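This is query_34.txt (compact mmCIF, C-alpha atoms).
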```
# COMPACT_ATOMS: atom_id res chain seq x y z
CA MET A 1242 36.30 145.82 62.93
CA ASP A 1243 34.95 142.30 62.53
CA PRO A 1244 37.73 139.58 62.68
CA ARG A 1245 36.27 137.81 59.62
CA ARG A 1246 36.48 141.00 57.61
CA LYS A 1247 40.14 141.50 58.67
CA ARG A 1248 40.99 137.97 57.48
CA LYS A 1249 39.30 138.57 54.12
CA ILE A 1250 41.22 141.83 53.64
CA ARG A 1251 44.52 140.13 54.51
CA LEU A 1252 43.75 137.28 52.11
CA VAL A 1253 42.91 139.67 49.27
CA ILE A 1254 46.11 141.67 49.89
CA ALA A 1255 48.27 138.50 50.05
CA LEU A 1256 46.76 137.09 46.84
CA SER A 1257 47.19 140.44 45.06
CA VAL A 1258 50.86 140.62 46.03
CA ALA A 1259 51.40 137.00 44.89
CA ILE A 1260 49.79 137.71 41.50
CA VAL A 1261 51.87 140.86 40.96
CA LEU A 1262 55.12 139.04 41.89
CA GLY A 1263 54.23 136.08 39.65
CA GLY A 1264 53.52 138.40 36.74
CA ALA A 1265 56.82 140.21 37.27
CA LEU A 1266 58.69 136.90 37.28
CA VAL A 1267 57.06 135.75 34.03
CA TYR A 1268 57.73 139.12 32.36
CA THR A 1269 61.38 139.12 33.42
CA SER A 1270 61.90 135.55 32.23
CA PHE A 1271 60.60 136.22 28.75
CA SER A 1272 62.03 139.69 28.22
CA ALA A 1273 65.58 138.72 29.23
CA ALA A 1274 65.76 135.62 27.05
CA THR A 1275 67.98 135.53 23.97
CA GLU A 1276 67.13 133.51 20.91
CA THR A 1277 69.32 130.52 20.06
CA ARG A 1278 70.18 130.37 16.36
CA THR A 1279 72.32 128.25 14.05
CA PRO A 1280 74.63 129.99 11.56
CA SER A 1281 72.22 129.47 8.64
CA GLU A 1282 69.30 130.90 10.65
CA LEU A 1283 71.42 133.84 11.77
CA LEU A 1284 72.62 134.66 8.25
CA ALA A 1285 69.07 134.45 6.89
CA SER A 1286 67.27 136.60 9.44
CA ALA A 1287 69.47 138.31 12.02
CA THR A 1288 68.40 141.75 13.16
CA PRO A 1289 71.41 144.07 13.62
CA GLY A 1290 71.90 145.06 17.26
CA LYS A 1291 69.75 142.23 18.62
CA SER A 1292 71.40 139.72 20.97
CA TYR A 1293 71.48 136.04 19.96
CA GLU A 1294 72.96 132.78 21.20
CA LEU A 1295 74.87 131.20 18.32
CA THR A 1296 75.16 127.43 18.44
CA GLY A 1297 77.04 125.05 16.18
CA LYS A 1298 80.43 123.40 15.68
CA VAL A 1299 83.80 125.15 15.44
CA ALA A 1300 84.82 124.86 11.78
CA ALA A 1301 88.02 122.96 10.97
CA GLY A 1302 91.03 125.20 10.27
CA SER A 1303 89.28 128.36 11.39
CA VAL A 1304 90.74 129.01 14.88
CA ARG A 1305 93.18 131.94 15.09
CA ARG A 1306 94.37 134.17 17.89
CA SER A 1307 94.88 137.89 17.33
CA ASP A 1308 96.14 139.90 20.30
CA ASP A 1309 93.63 139.22 23.07
CA ARG A 1310 90.92 138.02 20.66
CA LEU A 1311 89.96 134.58 19.49
CA LEU A 1312 88.77 134.39 15.88
CA PHE A 1313 86.97 131.30 14.60
CA ARG A 1314 84.01 130.17 12.52
CA VAL A 1315 80.93 128.38 13.79
CA ARG A 1316 79.21 126.11 11.25
CA ASP A 1317 75.87 124.34 11.22
CA ARG A 1318 75.98 120.87 12.76
CA ASN A 1319 74.86 119.17 9.56
CA GLY A 1320 75.35 121.91 7.00
CA THR A 1321 77.88 124.03 5.23
CA GLU A 1322 76.86 127.54 6.37
CA SER A 1323 79.24 129.20 8.81
CA VAL A 1324 79.60 132.52 10.60
CA PRO A 1325 82.89 134.21 11.57
CA VAL A 1326 83.08 134.93 15.30
CA ARG A 1327 85.20 137.47 17.17
CA TYR A 1328 85.49 136.61 20.86
CA SER A 1329 87.43 137.92 23.84
CA GLY A 1330 87.50 136.49 27.31
CA ALA A 1331 88.10 133.18 29.02
CA VAL A 1332 88.37 130.21 26.67
CA PRO A 1333 87.16 126.88 28.10
CA ASP A 1334 89.77 124.09 28.17
CA PRO A 1335 87.79 121.73 25.88
CA PHE A 1336 87.49 124.40 23.14
CA ARG A 1337 88.85 123.12 19.82
CA GLU A 1338 87.89 122.54 16.20
CA GLY A 1339 84.89 120.26 15.74
CA ARG A 1340 83.54 120.91 19.26
CA GLU A 1341 80.01 122.19 19.71
CA VAL A 1342 79.85 125.68 21.21
CA ILE A 1343 77.32 128.25 22.33
CA VAL A 1344 78.27 131.93 22.36
CA THR A 1345 76.18 135.06 22.98
CA GLY A 1346 76.55 138.24 20.93
CA LYS A 1347 75.33 140.35 18.01
CA MET A 1348 75.77 140.35 14.26
CA ASP A 1349 77.79 143.24 12.81
CA ASN A 1350 78.52 143.43 9.06
CA GLY A 1351 78.38 139.67 8.55
CA ARG A 1352 80.49 138.88 11.63
CA PHE A 1353 79.26 137.65 15.00
CA ILE A 1354 80.71 139.86 17.76
CA ALA A 1355 80.58 137.79 20.93
CA GLU A 1356 80.11 139.24 24.38
CA PRO A 1357 83.14 138.68 26.66
CA ASP A 1358 83.15 135.47 28.70
CA THR A 1359 80.06 133.94 27.08
CA LEU A 1360 81.74 131.05 25.24
CA ILE A 1361 80.49 127.65 26.38
CA THR A 1362 81.73 124.34 24.97
CA LYS A 1363 79.34 121.46 24.87
CA CYS A 1364 81.01 118.20 25.75
CA PRO A 1365 80.07 115.08 23.80
CA SER A 1366 77.46 113.17 25.72
CA LYS A 1367 78.70 110.03 27.40
CA PHE A 1368 75.14 108.80 27.11
CA SER A 1369 74.96 109.00 23.32
CA LYS A 1370 74.10 105.84 21.44
CA LYS A 1371 77.20 103.83 20.56
CA GLU A 1372 77.51 101.69 17.48
CA GLN A 1373 77.26 98.00 18.24
CA SER A 1374 79.61 95.62 16.49
CA SER A 1375 78.25 92.26 15.35
```
Any chance you could put this one into structure tokens?
Amino acid sequence: MDPRRKRKIRLVIALSVAIVLGGALVYTSFSAATETRTPSELLASATPGKSYELTGKVAAGSVRRSDDRLLFRVRDRNGTESVPVRYSGAVPDPFREGREVIVTGKMDNGRFIAEPDTLITKCPSKFSKKEQSS
């Protein structure tokens, strides 16, 4: 067989494999993603059984422990809507009322049932704009 023809065949095979692997990577990235929602968005349009990432602030006076579960409410950052959350698993040290959190789970009868060990606390940014005094 002609050496030029062998090189062309190898090139076509290598490019085909690269395209298939790239397509698989893109498909996996988009199909495994969960949608991030605020409490008001979740209450308005959550599909039962679908996985979501709930983001917002832990509502004041809402944190309770029951057996091995943590019960609390997540509210919109600048709103009044809130969703009750049932969570089990490791609780990050900075978790407390007023702290921004992200938790993954599903809605069930008006309550957000979080997957174990998915609670993440967002720390206040040390780079946020500070008020200047005159």
I want to know what sits within 12 Å of Asp1317 in chain A, based on only C-alpha atoms, with residues of the same chain fewer than 5 positions away left out; could you give that as a list in words? Arg1278, Thr1279, Pro1280, Ser1281, Glu1282, Leu1283, Leu1284, Leu1295, Thr1296, Gly1297, Lys1298, Val1299, Ala1300, Glu1322, Ser1323, Val1324, Gly1339, Arg1340, Glu1341, Val1342 and Ile1343 of chain A
Dump of C-alpha atoms for the selected residues, as a compact mmCIF listing (two decimals), keeping the file's coordinate frame:
```txt
# COMPACT_ATOMS: atom_id res chain seq x y z
CA ARG A 1278 70.18 130.37 16.36
CA THR A 1279 72.32 128.25 14.05
CA PRO A 1280 74.63 129.99 11.56
CA SER A 1281 72.22 129.47 8.64
CA GLU A 1282 69.30 130.90 10.65
CA LEU A 1283 71.42 133.84 11.77
CA LEU A 1284 72.62 134.66 8.25
CA LEU A 1295 74.87 131.20 18.32
CA THR A 1296 75.16 127.43 18.44
CA GLY A 1297 77.04 125.05 16.18
CA LYS A 1298 80.43 123.40 15.68
CA VAL A 1299 83.80 125.15 15.44
CA ALA A 1300 84.82 124.86 11.78
CA GLU A 1322 76.86 127.54 6.37
CA SER A 1323 79.24 129.20 8.81
CA VAL A 1324 79.60 132.52 10.60
CA GLY A 1339 84.89 120.26 15.74
CA ARG A 1340 83.54 120.91 19.26
CA GLU A 1341 80.01 122.19 19.71
CA VAL A 1342 79.85 125.68 21.21
CA ILE A 1343 77.32 128.25 22.33
```
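When only C-alpha atoms are used to measure the gap to Glu1338 in chain A, the shortest distance among A:Pro1289, A:Pro1244, A:Gly1264, A:Gly1302 belongs to A:Gly1302.
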Once 6 Å is added on each side, what are the centre and the three edge lengths, in Å to one decimal, of the axis-aligned box enclosing the listed atoms of range 1244-1258 of chain A? Present them as AutoDock Vina command-line options.
```
--center_x 43.6 --center_y 139.5 --center_z 53.9 --size_x 26.6 --size_y 16.7 --size_z 29.6
```
Do you know which residues are at most 10 Å from range 1344-1350 of chain A counting only C-alpha atoms, after dropping those on the same chain fewer than 3 positions away, and could you put them as a VMD selection string? chain A and resid 1275 to 1277 1283 to 1284 1287 to 1297 1315 1324 to 1328 1353 to 1362
Under the rule that all atoms listed in the file are counted, which of A:Ala1301, A:Leu1311, A:Leu1266, A:Val1253 is the nearest residue to Ser1329 in chain A? A:Leu1311
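Coordinates place CA of Ser1286 in chain A at a distance of 28.7 Å from CA of Ser1307 in chain A.
With CA of Pro1333 in chain A on one side and CA of Arg1314 in chain A on the other, the separation reads 16.2 Å.
Compared by their closest atoms to Phe1336 in chain A, and using only C-alpha atoms, the residues A:Val1267, A:Ala1285, A:Val1304, A:Lys1247 rank with A:Val1304 nearest.
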Between CA of Ser1270 in chain A and CA of Leu1256 in chain A, what distance in Å does the model show, to one decimal? 21.1 Å
